[in-house]
Amino acid sequence: MAIIKNISILGSTGSVGTQTLEVVRANPERYRVVALTGQSNDELLIRQSLEFHPELVVITDEGKYLKVKEALSGKGIRVITGEASLVEAAALTSAHMVLTAVVGSAGLRPTIAAIEAGKDIALANKETLVVAGELITALAKKHAVKIIPVDSEHSAIFQCLVGEEEHSLEKIYLTASGGPFRGKDREFLAGVTKAQALKHPNWVMGAKITIDSASMMNKGLEVIEAKWLFGLAADQIDVIVHPQSIVHSIAQFKDGSMKAQMGLPDMKLPIHYALAYPERVDTKFPRFNFLDYPELTFFPPDPVSFRNLDIAFQAMRKGGNMPCIVNAANEVVVNAFLQDRLGFLEMSDVIERCMSEVPFIGEPGLVNYLETDEHTRIFARQLVTK
Ligand code: NAD
Ligand code: MG
């Protein structure tokens, strides 16, 4: 019988968060939820809290605090709000592991707090590694904390590397579905709406990552995420478009042999793997059937229609605070696109302006990252004039 693992879930009301709770619900003998956090969906957060009885509940939107506190009063659940509340959930004494499923650079400080408190990290919040990968990986090493990826591509590589020696890896191929606009040209992309961009062919996810998938920025962020998770150089990372999202990614070793990890596109699989690692757990998830997919196909990415992948590679090669600049600018433009204030192609224009105009810092520390994030957001918002 496995020992019960106590888990803090940051961003429990989101797409990854709710799927994590499905995994916990199906395995009550393995996992216990000790903290739940949500930003604004108070009703769902209350329902989750009543079902899973965590010690601590965080609602970051202060306007909703009283409602959540009242709904959970007398239940033995502490409810908090405010800027530092996520950090408290991340560092909660009883937690063994923190699953980070908030969106964007908001995950940075709580992730640092969790690592400093010695918690293993199940990392969905890729933006944290994009912004400050060097700092986060060094800190994890210092505190002997494991960072286990939840992102399906990185989970795939992680699984391919189990049992391999560190220096055996030659390169990786991250697969990309290509999103809803695969094969489209710039003329078409200039006029696409948010409704079209929000229709991902293979995955149902939060709004931000869905737009990132349509613009290929998601793959760009994942390239940088992979660099830090697996200690790779830029030329050891390749992207290949694979519309069926069955091969989740591929590791190539120095003898030329390759391992791919496959399965149906369901985030519960990588979530489950990250929570249970190094074990594998019985599940009733549907199994892949080859005859349902007689063809698995692969294409090169299109750098003319989708500039974001190159933008991310450039930022990664430049290093310093450049990935932080790209991430912050991207968070602003995705928001603006979702509010119909910026065109699809203009998103990359604004990001590139930020890259050339926000001051570059070669060896940033935490304060530099936080300042770069803030300055870039201010500058990017000025460029969104509608
Ligand atoms: P989502 O928008 O569905 O959920 C985000 C969660 O974080 C919600 O609980 C929300 O309340 C909370 N949140 C958002 N902004 C916050 C803030 N500023 N402060 C505190 N809490 C905040 O997002 P998602 O699709 O679940 O994605 C979460 C993370 O996981 C992202 O980094 C994303 O890139 C990554 N990811 C998601 C998927 C997926 O299938 N959805 C797959 C791979 C990686
Ligand atoms: Mg992914």
# chains A, B, ... in the order shown; residues from 1 in each chain; ligands from 1
call {"tool": "residues_around", "arguments": {"residues": "region 313-324 of chain A", "least_positions_apart": "2", "cutoff": "7 Å", "atoms": "only C-alpha atoms", "output": "number ranges by chain"}}
result
A: 130-131, 220, 224, 234, 309-311, 326-328, 355, 360-364, 369, 372-373
call {"tool": "residues_near_ligand", "arguments": {"ligand": "ligand 1", "cutoff": "6 Å", "atoms": "only C-alpha atoms and all ligand atoms", "output": "JSON, numbers by chain"}}
result
{"A": [11, 12, 13, 14, 15, 16, 17, 38, 39, 40, 60, 101, 102, 103, 104, 106, 124, 125, 126, 127, 151, 205, 206, 207, 209, 267]}
call {"tool": "residues_around", "arguments": {"residues": "Thr297 (chain A)", "least_positions_apart": "2", "cutoff": "8 Å", "atoms": "only C-alpha atoms", "output": "list in words"}}
result
His242, Pro243, Gln244, Glu295 and Phe299 of chain A
call {"tool": "write_last_selection", "arguments": {"atoms": "C-alpha atoms", "output": "mmCIF file, in the first residue's frame"}}
result
data_model
loop_
_atom_site.group_PDB
_atom_site.id
_atom_site.type_symbol
_atom_site.label_atom_id
_atom_site.label_comp_id
_atom_site.auth_asym_id
_atom_site.auth_seq_id
_atom_site.Cartn_x
_atom_site.Cartn_y
_atom_site.Cartn_z
ATOM 1 C CA HIS A 242 2.473 16.110 -35.715
ATOM 2 C CA PRO A 243 -1.234 16.910 -36.137
ATOM 3 C CA GLN A 244 -2.619 13.795 -34.407
ATOM 4 C CA GLU A 295 -1.563 7.384 -40.296
ATOM 5 C CA PHE A 299 5.780 18.075 -40.993
#
call {"tool": "closest_residue", "arguments": {"among": "A:Asp340, A:Glu153, A:Asp238, A:Asp292", "to": "ligand 2", "atoms": "only C-alpha atoms and all ligand atoms"}}
result
A:Glu153
call {"tool": "select_by_dssp", "arguments": {"residues": "region 202-269 of chain A", "states": "strand (DSSP E)", "output": "ChimeraX atom specification"}}
result
/A:237-241,247-253,258-262
call {"tool": "closest_atom_pairs", "arguments": {"of": "chain A", "to": "ligand 2", "cutoff": "10 Å", "atoms": "only C-alpha atoms and all ligand atoms", "output": "Markdown table"}}
result
| residue | atom | partner | partner_atom_place_in_ligand_line | distance |
| --- | --- | --- | --- | --- |
| A:Ala124 | CA | ligand 2 | 1 (Mg) | 8.8 |
| A:Lys126 | CA | ligand 2 | 1 (Mg) | 8.9 |
| A:Pro149 | CA | ligand 2 | 1 (Mg) | 9.9 |
| A:Val150 | CA | ligand 2 | 1 (Mg) | 8.3 |
| A:Asp151 | CA | ligand 2 | 1 (Mg) | 4.6 |
| A:Ser152 | CA | ligand 2 | 1 (Mg) | 5.0 |
| A:Glu153 | CA | ligand 2 | 1 (Mg) | 5.3 |
| A:His154 | CA | ligand 2 | 1 (Mg) | 7.3 |
| A:Ser155 | CA | ligand 2 | 1 (Mg) | 9.0 |
| A:Ala156 | CA | ligand 2 | 1 (Mg) | 9.9 |
| A:Leu174 | CA | ligand 2 | 1 (Mg) | 8.9 |
| A:Thr175 | CA | ligand 2 | 1 (Mg) | 8.7 |
| A:Ala176 | CA | ligand 2 | 1 (Mg) | 8.0 |
| A:Ser177 | CA | ligand 2 | 1 (Mg) | 9.5 |
| A:Trp203 | CA | ligand 2 | 1 (Mg) | 9.8 |
| A:Ile209 | CA | ligand 2 | 1 (Mg) | 8.9 |
| A:Ser213 | CA | ligand 2 | 1 (Mg) | 8.7 |
| A:Asn218 | CA | ligand 2 | 1 (Mg) | 7.2 |
| A:Lys219 | CA | ligand 2 | 1 (Mg) | 7.3 |
| A:Leu221 | CA | ligand 2 | 1 (Mg) | 9.2 |
| A:Glu222 | CA | ligand 2 | 1 (Mg) | 6.7 |
| A:Val223 | CA | ligand 2 | 1 (Mg) | 10.0 |
| A:Glu225 | CA | ligand 2 | 1 (Mg) | 10.0 |
| A:His248 | CA | ligand 2 | 1 (Mg) | 8.5 |
| A:Ser249 | CA | ligand 2 | 1 (Mg) | 9.7 |
| A:Met267 | CA | ligand 2 | 1 (Mg) | 9.2 |
call {"tool": "closest_residue", "arguments": {"among": "A:Met97, A:Met217, A:Leu139, A:Leu56", "to": "Ile4 (chain A)", "atoms": "only C-alpha atoms"}}
result
A:Met97
call {"tool": "residues_around", "arguments": {"residues": "Pro265 (chain A)", "least_positions_apart": "4", "cutoff": "8 Å", "atoms": "only C-alpha atoms", "output": "VMD selection string"}}
result
chain A and resid 202 to 203 245 to 246
call {"tool": "atom_distance", "arguments": {"atom1": "CA of Gly82 (chain A)", "atom2": "CA of Thr128 (chain A)"}}
result
20.0 Å
